[in-house]
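Below: one structure, written as structure tokens.
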Amino acid sequence: MSHFPHKHALAHPGLALARVLRDAMIAPPPPDLKSALLRAQASDPGPFDYEAPDEPCAATPDIPPPAPVGFAEHPKPVVSRLALTLSLAEAMAAAGVARIGETVGITRIGGWGVPSADGLKAVLRGEALADSLLAAPARVAVIGDATAGGQAERDRAFALRQQQTEVSKALLAGQAVVLIAPDDAGLSPAQKPLVETVLTLPRPNRRMIAALFSLLWPDAEETDAALLALPRDEDLGRLSALQLEAALRRPDPGAAAAALARIAAQMMPEARGPGLEAIVGQPEVVQRLEAVAGDLTAWRAGKLDWARVPRSLLLYGPPGNGKTAAARALAGHCRLPLVVTSFAEAQGKGLHLGQTLAALREAFDSAIQQAPAILFIDEIDALGTRTIEAQHNDFYVRAIVTGMLTMIDRALRTPGLILMAATNDAESMDPALRRAGRFDQHIAVPAPRLEGLAEILRRALGAEAPDIDAAAIQAAARRLSGGSGAEAEALGRLVLARARAAGRPATAADLTACLDARRPEATPELMRRIALHEAGHIVVGHLAGLPPPRSASASLTSAGVVHPMPPLMTLPQVEATLVSLLAGRVAEQHFLGDVSTGGGHGTSSDLAEATRLALHIDHAWHLPDDTPLVWSDVSTAPRPGMLPRDIARAVSERLRRAEARARALVEAHADEVMAIAIALDSYVELDGEQIAQLLAENLPPPEMRDEAIEHSPGSPR
């Protein structure tokens, strides 16, 4: 049998120190101590006034015999302390430190051992190794991290001040300070420059486990085979000192290796799940996440510096379209653990500000400890924003957001940690949270298109619906157009449940019945109205000079045209947008003789958007020369229906002029509007390429658009 793995432990720089500690821990107590303990027990049985019976204990089986206390005949070493010793010795060797505290200053010990600060202090202060590890044990103050653990914010702040006082007192007394902390955040500004040495404890790996096996089972024959069965170094590195202790408290190396493998696997269940192939209907999301995964793979292989890896992603879009699933898929693709948290979950552990922050910090600490890993913050917009003035809970929101910013900054300094967050509305987030440097990549997760919905539904039905063909699934997807991926999945589950209740395979009739219950089918007349409305937006927007649309849809639940908007606009561009916004209702009026509620239903309707835009033109942007040059915050203005009469009249006049221009363009290009409406009614969804082709076939080229808009009524002369 090859003994290479076991002999490899001999190369560990901490093996000699760990052996000294092991021997000290398993050495029996001195004879005089043992005798003293026995005498003390005989003379003072304790608070229960227990006396040993005269007869043998077998006659009184319910009463245990007295046993010596304070020592064991065959004590076992504390495995976690052996592991910490090995890790500390390796860190010292890497930093070229012979003994800690050779100069008066601060040595910070970070890395793997920080959560086990008590165990690390016991190693440094223990009689067995103090002289070997510390330059002068009597002149070295070993201080734990006051910021560790899930303390309430007030308790944490108090502990932090105490720690800083303790550090200052030790330094003023001429002592060297050993601070066990992940970073310098717990030091005062005056203390941070005094950190002379940083020792970063490496995480457990196969070499450390080999050294531990040689210490715990020096004569075991199966050690080499057990070492070959160990998990990868990266998986072992996620284990805490407590988990090592539990795994290695086994009778032999084989059992210990099996326990290590089991615990390591349980640490990251998402890593065994499906990868990016599980994301359906979101090709752009998959493409962006594949790039992140590629960079992460290159970093893990040592081919890319961590500073060059995009490590923070904000996923935004309507609910139910797979933002959380995307984080799980990336974890599965990269075989990384996933830590999920949210503001709502943190509040569930206590509504007090300190309790909420402590719960959030606990999740961040867990992710940092497990890195490389993925930390996912769901519904991050629920934190609130500090930009809203005079809100009743302003202090609470500011404290929460500020605390989150600090945690995010710490997470982004952790090599191997990918930070992801999800929001339904990125604009509602605090600007400091969503800016570059916090979240470098903003990835849209929109509702899936028709082919995506069809594929999600097909997968949800699976093998239990062999009689439902592709045509039925495609027809169902058309009715689901504009819905979320979650809605398509839910429909699939309902169809299968209906078939199971009937005791037969699912059929197309089941699919239709479940669809009718969830989404009554729209009449052809209603779908034609929707298509004409959206076609009006497309044609008039093109003639008015707007950029080509990215997409358009004409379904009962999702109808709209998506235009890319420039970051800055001139007055003609804003007025062109106004004309396009009002063209939908104009098209309905022209072709059908009346206008529906669709163009003015809700705060995101065409008329609502146009009203806000008109308010901005005169009262925020001051684009016309004849308006007073005074800025007004129209975002906090009264509801449009409650505007002062003179402002409401001016807004209405601007909208009427835009509507007149839209009407002239629709009347002049009615055939083109109808052609695009027919295409929308047929396909339900059009992408940018399809729209561009339809416009090229039916409308004048770009150089003729200015002439078309100039000769429309209501245009500025």
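Every chain in the structure tokens takes a letter, A first, then B, and so on in the order presented; its residues are numbered from 1, and the ligands are numbered from 1 following the presented order.
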* To do: Please run DSSP on the backbone and report, as a list in words, all residues within stretch 198-342 of chain A that come out as strand (DSSP E).
  => Val198, Leu199, Thr200, Leu201, Ser312, Leu313, Leu314, Leu315, Tyr316, Leu338, Val339, Val340, Thr341 and Ser342 of chain A
* Asked: If you run DSSP on this backbone, which residues of stretch 149-200 of chain A come out as helix (DSSP H, G or I), and could you give them as an MDAnalysis selection string?
  -> chainID A and resid 153:172 184:186 192:194
Can I get the selection written as a PDB file, in the first residue's frame, with C-alpha atoms?
```
ATOM      1  CA  GLU A 153     -26.880  46.445  17.649  1.00  0.00           C
ATOM      2  CA  ARG A 154     -26.732  48.260  20.992  1.00  0.00           C
ATOM      3  CA  ASP A 155     -24.874  45.367  22.649  1.00  0.00           C
ATOM      4  CA  ARG A 156     -22.529  45.158  19.682  1.00  0.00           C
ATOM      5  CA  ALA A 157     -21.695  48.859  19.857  1.00  0.00           C
ATOM      6  CA  PHE A 158     -21.012  48.596  23.584  1.00  0.00           C
ATOM      7  CA  ALA A 159     -18.770  45.546  23.097  1.00  0.00           C
ATOM      8  CA  LEU A 160     -16.934  47.379  20.329  1.00  0.00           C
ATOM      9  CA  ARG A 161     -16.153  50.333  22.576  1.00  0.00           C
ATOM     10  CA  GLN A 162     -14.968  47.960  25.289  1.00  0.00           C
ATOM     11  CA  GLN A 163     -12.685  46.201  22.826  1.00  0.00           C
ATOM     12  CA  GLN A 164     -11.144  49.463  21.649  1.00  0.00           C
ATOM     13  CA  THR A 165     -10.562  50.496  25.271  1.00  0.00           C
ATOM     14  CA  GLU A 166      -8.943  47.144  26.023  1.00  0.00           C
ATOM     15  CA  VAL A 167      -6.632  47.475  23.016  1.00  0.00           C
ATOM     16  CA  SER A 168      -5.584  50.997  24.019  1.00  0.00           C
ATOM     17  CA  LYS A 169      -4.906  50.006  27.641  1.00  0.00           C
ATOM     18  CA  ALA A 170      -2.751  47.075  26.556  1.00  0.00           C
ATOM     19  CA  LEU A 171      -0.710  49.177  24.143  1.00  0.00           C
ATOM     20  CA  LEU A 172      -0.200  51.952  26.705  1.00  0.00           C
ATOM     21  CA  ASP A 184      -9.892  46.091  11.125  1.00  0.00           C
ATOM     22  CA  ALA A 185     -13.504  47.270  11.475  1.00  0.00           C
ATOM     23  CA  GLY A 186     -13.434  46.763  15.246  1.00  0.00           C
ATOM     24  CA  LYS A 192      -5.881  50.864  12.654  1.00  0.00           C
ATOM     25  CA  PRO A 193      -2.416  52.175  11.612  1.00  0.00           C
ATOM     26  CA  LEU A 194      -0.889  50.197  14.510  1.00  0.00           C
TER      27      LEU A 194
END
```
* Residues at most 7 Å from stretch 175-182 of chain A, counting only C-alpha atoms, excluding those fewer than 4 positions away in the same chain, as a PyMOL selection string? -> chain A and resi 101+103-111+114+117+139-145+167+170-171
* To do: Just the residues within 10 Å of A:Gln573, please, counting only C-alpha atoms, with nothing from its chain fewer than 6 positions along; format it as a list in words.
  =>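 The contact residues come out as Ala544, Gly545, Leu546, Met565, Pro566 and Val579 of chain A.
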Pull N, CA and C atoms from the residues just selected and write them as an mmCIF file, in the first residue's frame.
```cif
data_model
loop_
_atom_site.group_PDB
_atom_site.id
_atom_site.type_symbol
_atom_site.label_atom_id
_atom_site.label_comp_id
_atom_site.auth_asym_id
_atom_site.auth_seq_id
_atom_site.Cartn_x
_atom_site.Cartn_y
_atom_site.Cartn_z
ATOM 1 N N ALA A 544 -42.594 59.780 -35.471
ATOM 2 C CA ALA A 544 -42.195 60.917 -34.634
ATOM 3 C C ALA A 544 -40.698 60.940 -34.363
ATOM 4 N N GLY A 545 -40.005 59.880 -34.736
ATOM 5 C CA GLY A 545 -38.552 59.873 -34.593
ATOM 6 C C GLY A 545 -38.015 59.163 -33.376
ATOM 7 N N LEU A 546 -38.845 58.369 -32.702
ATOM 8 C CA LEU A 546 -38.350 57.614 -31.546
ATOM 9 C C LEU A 546 -37.457 56.466 -32.009
ATOM 10 N N MET A 565 -34.931 54.304 -24.085
ATOM 11 C CA MET A 565 -34.987 55.743 -23.850
ATOM 12 C C MET A 565 -33.580 56.289 -23.640
ATOM 13 N N PRO A 566 -33.233 57.390 -24.323
ATOM 14 C CA PRO A 566 -31.906 57.984 -24.130
ATOM 15 C C PRO A 566 -31.779 58.568 -22.730
ATOM 16 N N VAL A 579 -46.412 62.294 -28.130
ATOM 17 C CA VAL A 579 -47.251 61.947 -29.281
ATOM 18 C C VAL A 579 -47.437 60.435 -29.358
#
```
Non-local contacts of stretch 85-98 of chain A (10 Å; only C-alpha atoms; under 6 positions in same chain excluded) as a PDB file with C-alpha atoms, in the first residue's frame:
```pdb
ATOM      1  CA  HIS A  12       2.797  20.342   7.520  1.00  0.00           C
ATOM      2  CA  PRO A  13       4.596  23.212   9.300  1.00  0.00           C
ATOM      3  CA  GLY A  14       2.366  22.937  12.357  1.00  0.00           C
ATOM      4  CA  LEU A  15       2.650  19.208  12.958  1.00  0.00           C
ATOM      5  CA  ALA A  16       5.352  19.447  15.640  1.00  0.00           C
ATOM      6  CA  LEU A  17       3.440  22.112  17.593  1.00  0.00           C
ATOM      7  CA  ALA A  18       0.180  20.199  17.287  1.00  0.00           C
ATOM      8  CA  ARG A  19       1.886  17.052  18.558  1.00  0.00           C
ATOM      9  CA  LEU A  21      -0.501  20.155  22.259  1.00  0.00           C
ATOM     10  CA  VAL A  79      -9.631  18.164  17.762  1.00  0.00           C
ATOM     11  CA  ILE A 109      -5.394  37.043  13.187  1.00  0.00           C
ATOM     12  CA  GLY A 110      -8.107  36.566  10.586  1.00  0.00           C
ATOM     13  CA  GLY A 111      -9.321  33.859   8.294  1.00  0.00           C
ATOM     14  CA  TRP A 112     -10.720  30.481   9.201  1.00  0.00           C
ATOM     15  CA  GLY A 113     -10.195  30.600  12.958  1.00  0.00           C
ATOM     16  CA  GLY A 119     -10.522  28.066  20.957  1.00  0.00           C
ATOM     17  CA  LEU A 120      -7.791  30.144  19.348  1.00  0.00           C
ATOM     18  CA  VAL A 123      -4.268  27.652  22.029  1.00  0.00           C
ATOM     19  CA  LEU A 124      -2.325  30.908  22.338  1.00  0.00           C
ATOM     20  CA  LEU A 129       2.270  26.301  23.337  1.00  0.00           C
ATOM     21  CA  SER A 132       6.403  28.582  21.309  1.00  0.00           C
ATOM     22  CA  LEU A 133       3.804  30.867  19.740  1.00  0.00           C
ATOM     23  CA  LEU A 134       4.215  34.130  21.664  1.00  0.00           C
ATOM     24  CA  ALA A 135       7.412  36.144  21.975  1.00  0.00           C
ATOM     25  CA  THR A 197       1.123  41.992  11.042  1.00  0.00           C
ATOM     26  CA  VAL A 198      -1.898  40.187   9.634  1.00  0.00           C
ATOM     27  CA  LEU A 199      -2.021  36.407   9.919  1.00  0.00           C
ATOM     28  CA  THR A 200      -4.682  34.819   7.734  1.00  0.00           C
ATOM     29  CA  LEU A 201      -5.475  31.323   8.944  1.00  0.00           C
ATOM     30  CA  PRO A 202      -5.889  28.928   6.011  1.00  0.00           C
ATOM     31  CA  ARG A 203      -8.962  26.770   5.914  1.00  0.00           C
ATOM     32  CA  PRO A 204      -9.001  23.016   6.420  1.00  0.00           C
ATOM     33  CA  ASN A 205      -7.669  21.037   3.498  1.00  0.00           C
ATOM     34  CA  ARG A 207      -3.022  18.254   4.140  1.00  0.00           C
ATOM     35  CA  MET A 208      -4.460  19.471   7.446  1.00  0.00           C
ATOM     36  CA  ILE A 209      -6.723  16.414   7.696  1.00  0.00           C
ATOM     37  CA  ALA A 211      -1.866  15.825   9.849  1.00  0.00           C
ATOM     38  CA  LEU A 212      -4.883  15.423  12.149  1.00  0.00           C
TER      39      LEU A 212
END
```
* **d(atom CA of A:Pro431, atom CA of A:Leu314) in Å** =>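 So the two atoms, atom CA of A:Pro431 and atom CA of A:Leu314, lie 12.8 Å apart.
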